[in-house]
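**Student:** So that we are looking at the same thing, I have put the structure below in structure tokens.
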Amino acid sequence: MPGLSGKRILLGVTGSIAAYKAADWLRSLVREEAVVTVAMTEAAERFVTPLTFSALSGQAVYRDMFADEPGRVMAHINLSREADAILVAPATAQTIARLAHGMADNLLSSVILAARIPVVICPAMNSFMLSHPATQGNIRRLESFGYHFVQPGSGKLACGEIGDGRLADWDAAREKLLSLFQPDDLKGQTVLITAGPTREALDPVRFLSNRSSGKMGFALARTARRRGAEVTLVAGPVQLPDPPGIEVVHVATAEEMRREVMDRAATADVVVKSAAVADFRPSVYANHKIKKSQQGLQLDLIKNPDILAELGAKRFKRQILVGFAAESRDHAGEGQRKLREKNVDLVVVNDIMGATTGFDVETNQVTLIDYGEAVTLPLLSKEETADRIWDKVLQLQNRPAGA
């Protein structure tokens, strides 16, 4: 089941101005078909009404630990039993302190104290409150209990100050939630991924490039991080936000990508070359704009470095090397050729001619080719495709030595 669809999330909302953002997070969860129940503190109701959260979730909001309606008398025990995870957003300094000291003086803190499911806490407060030793000590204490924290963002706060303490972006919280429902079978591994196109400049305003959006490489990076890997993503020019928790190195040209990849490859357990690197670049760069008045313009092109082949020649024993092949025909033949010529473990062949596969779409259908078999996956989202690729990588890592 993709993403958070079908996951039962208990959303705890506390008394911060950022509570209005929690309503938008709730919309995102419902849009993803998660089943969300909301529990609010009394202070939270000063900022956003329970009716708002009830309308967005389609369910009644839990507010009172001493409610006498049938089915709610034991809500402080039953709510966590009926959920897969608890998300506290925003979490104030007061709530963090209450949880750190095991207080159960409101419904939300009682639910969390009785919970035996993952708890994700998203702090939101004034930067001085956040940095105070008491708050930092409470956060460390909760982390020692096994609670998960989403680092707050930085910027202009509601009080007018600038600093840390803003409620994190939903993307960061979503990634934390997704990681709870994934195996950590890549934990301890260092993964290097390339994504997107490269640009080879002709003059100050023009360049040679391709249609790659980088979505497949970014999906690989996100899913590897969720499964516990330490991920570095070397990305060409793309219109995608940097995935949270991942080191992203931005480059433009094939030469820049080669330099950044080769500097890091020796320490990577797995290298995935999903970028669409330009095969050629202009032999001469025009320092001024080429005028269209010139007739019969011809471009002299030279080959760019073959990064994948260089990685294959320099790889260390037991390092897994994955290449991508964007093909319009003879997928199996081209994949087999690239597998042998580049000295890689796995080639992912991508059909660039399909309307729902290839460049700048949300789905993909690829063929995984190694020295033992060729498996064509069904049409999947790019994140689901990425997870299938990681499953294959783990299979290759666990093969007997010398096989």
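Labels used: A, B, ... for chains in the order of the structure tokens, numbers from 1 for residues in each chain, and numbers from 1 for ligands as shown.
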Counting only C-alpha atoms, which residues in range 154-267 of chain A sit no more than 6 Å from range 374-387 of chain A? For each one, give the nearest pair of atoms and the distance in Å, sorted by chain then residue number, as CSV.
**Tutor:**
```
residue,atom,partner,partner_atom,distance
A:Met216,CA,A:Lys382,CA,5.8
A:Ala219,CA,A:Glu383,CA,5.0
A:Leu220,CA,A:Ala386,CA,5.0
```
**Student:** So that I can check the secondary structure, give me every residue of range 327-378 of chain A assigned alpha helix (DSSP H) by backbone DSSP, as a ChimeraX atom specification.
**Tutor:** /A:331-342
**Student:** Could you pull out all residues of range 178-324 of chain A with a DSSP call of strand (DSSP E) and give them as JSON, numbers by chain?
**Tutor:** {"A": [190, 191, 192, 193, 194, 195, 200, 201, 207, 208, 230, 231, 232, 233, 234, 235, 247, 248, 249, 250, 270, 271, 272, 273, 280, 281, 282, 301, 302, 303, 320, 321, 322, 323, 324]}
**Student:** Can I get the selected residues back with C-alpha atoms, as an mmCIF file, in the first residue's frame?
**Tutor:**
```cif
data_model
loop_
_atom_site.group_PDB
_atom_site.id
_atom_site.type_symbol
_atom_site.label_atom_id
_atom_site.label_comp_id
_atom_site.auth_asym_id
_atom_site.auth_seq_id
_atom_site.Cartn_x
_atom_site.Cartn_y
_atom_site.Cartn_z
ATOM 1 C CA THR A 190 26.086 4.727 2.809
ATOM 2 C CA VAL A 191 24.252 5.348 -0.434
ATOM 3 C CA LEU A 192 25.292 7.712 -3.233
ATOM 4 C CA ILE A 193 22.658 8.612 -5.845
ATOM 5 C CA THR A 194 22.715 10.860 -8.895
ATOM 6 C CA ALA A 195 19.567 12.406 -10.343
ATOM 7 C CA GLU A 200 26.227 21.924 -21.128
ATOM 8 C CA ALA A 201 26.486 25.624 -21.937
ATOM 9 C CA PHE A 207 22.664 25.032 -23.165
ATOM 10 C CA LEU A 208 22.322 21.396 -24.240
ATOM 11 C CA GLU A 230 22.822 7.632 5.017
ATOM 12 C CA VAL A 231 22.130 9.201 1.647
ATOM 13 C CA THR A 232 23.991 11.702 -0.507
ATOM 14 C CA LEU A 233 22.176 12.935 -3.600
ATOM 15 C CA VAL A 234 24.117 14.611 -6.413
ATOM 16 C CA ALA A 235 21.476 16.435 -8.414
ATOM 17 C CA GLU A 247 22.760 15.684 1.872
ATOM 18 C CA VAL A 248 22.040 17.219 -1.525
ATOM 19 C CA VAL A 249 24.881 18.404 -3.750
ATOM 20 C CA HIS A 250 23.715 20.595 -6.635
ATOM 21 C CA VAL A 270 25.841 1.464 -2.941
ATOM 22 C CA VAL A 271 26.093 3.851 -5.896
ATOM 23 C CA VAL A 272 23.020 4.440 -8.055
ATOM 24 C CA LYS A 273 23.550 6.405 -11.259
ATOM 25 C CA PHE A 280 28.211 15.458 -25.369
ATOM 26 C CA ARG A 281 29.160 19.062 -24.720
ATOM 27 C CA PRO A 282 30.178 21.901 -27.056
ATOM 28 C CA LEU A 301 30.536 18.461 -29.898
ATOM 29 C CA ILE A 302 32.918 16.403 -27.809
ATOM 30 C CA LYS A 303 32.183 13.469 -25.527
ATOM 31 C CA ILE A 320 26.954 -2.454 -5.404
ATOM 32 C CA LEU A 321 26.812 -0.356 -8.562
ATOM 33 C CA VAL A 322 23.465 0.345 -10.241
ATOM 34 C CA GLY A 323 23.106 1.990 -13.632
ATOM 35 C CA PHE A 324 20.061 3.325 -15.457
#
```
**Student:** Need the shell around Glu255 in chain A: protein/DNA/RNA residues with any atom at most 12 Å away, counting only C-alpha atoms. Skip same-chain ones fewer than 3 positions apart. Format as a list in words?
**Tutor:** Thr198, Arg199, Glu200, Ala201, Gly236, Val251, Ala252, Arg258, Arg259, Glu260, Val261, Met262, Val277, Ala278, Asp279, Phe280, Arg281, Lys303, Asn304, Pro305, Asp306 and Ile307 of chain A
**Student:** Kindly assemble as CSV a list of the range 70-130 of chain A residues that lie within 8 Å of range 144-160 of chain A, each paired with its nearest atom pair and their distance in Å to one decimal, using only C-alpha atoms, sorted first by chain and then by ascending residue number.
**Tutor:**
```
residue,atom,partner,partner_atom,distance
A:Pro118,CA,A:Tyr147,CA,6.8
A:Val119,CA,A:Tyr147,CA,5.3
A:Val120,CA,A:His148,CA,4.7
A:Ile121,CA,A:Phe149,CA,4.9
A:Cys122,CA,A:Val150,CA,5.1
A:Pro123,CA,A:Pro152,CA,6.0
A:Ala124,CA,A:Pro152,CA,6.6
A:Asn126,CA,A:Leu157,CA,7.0
```
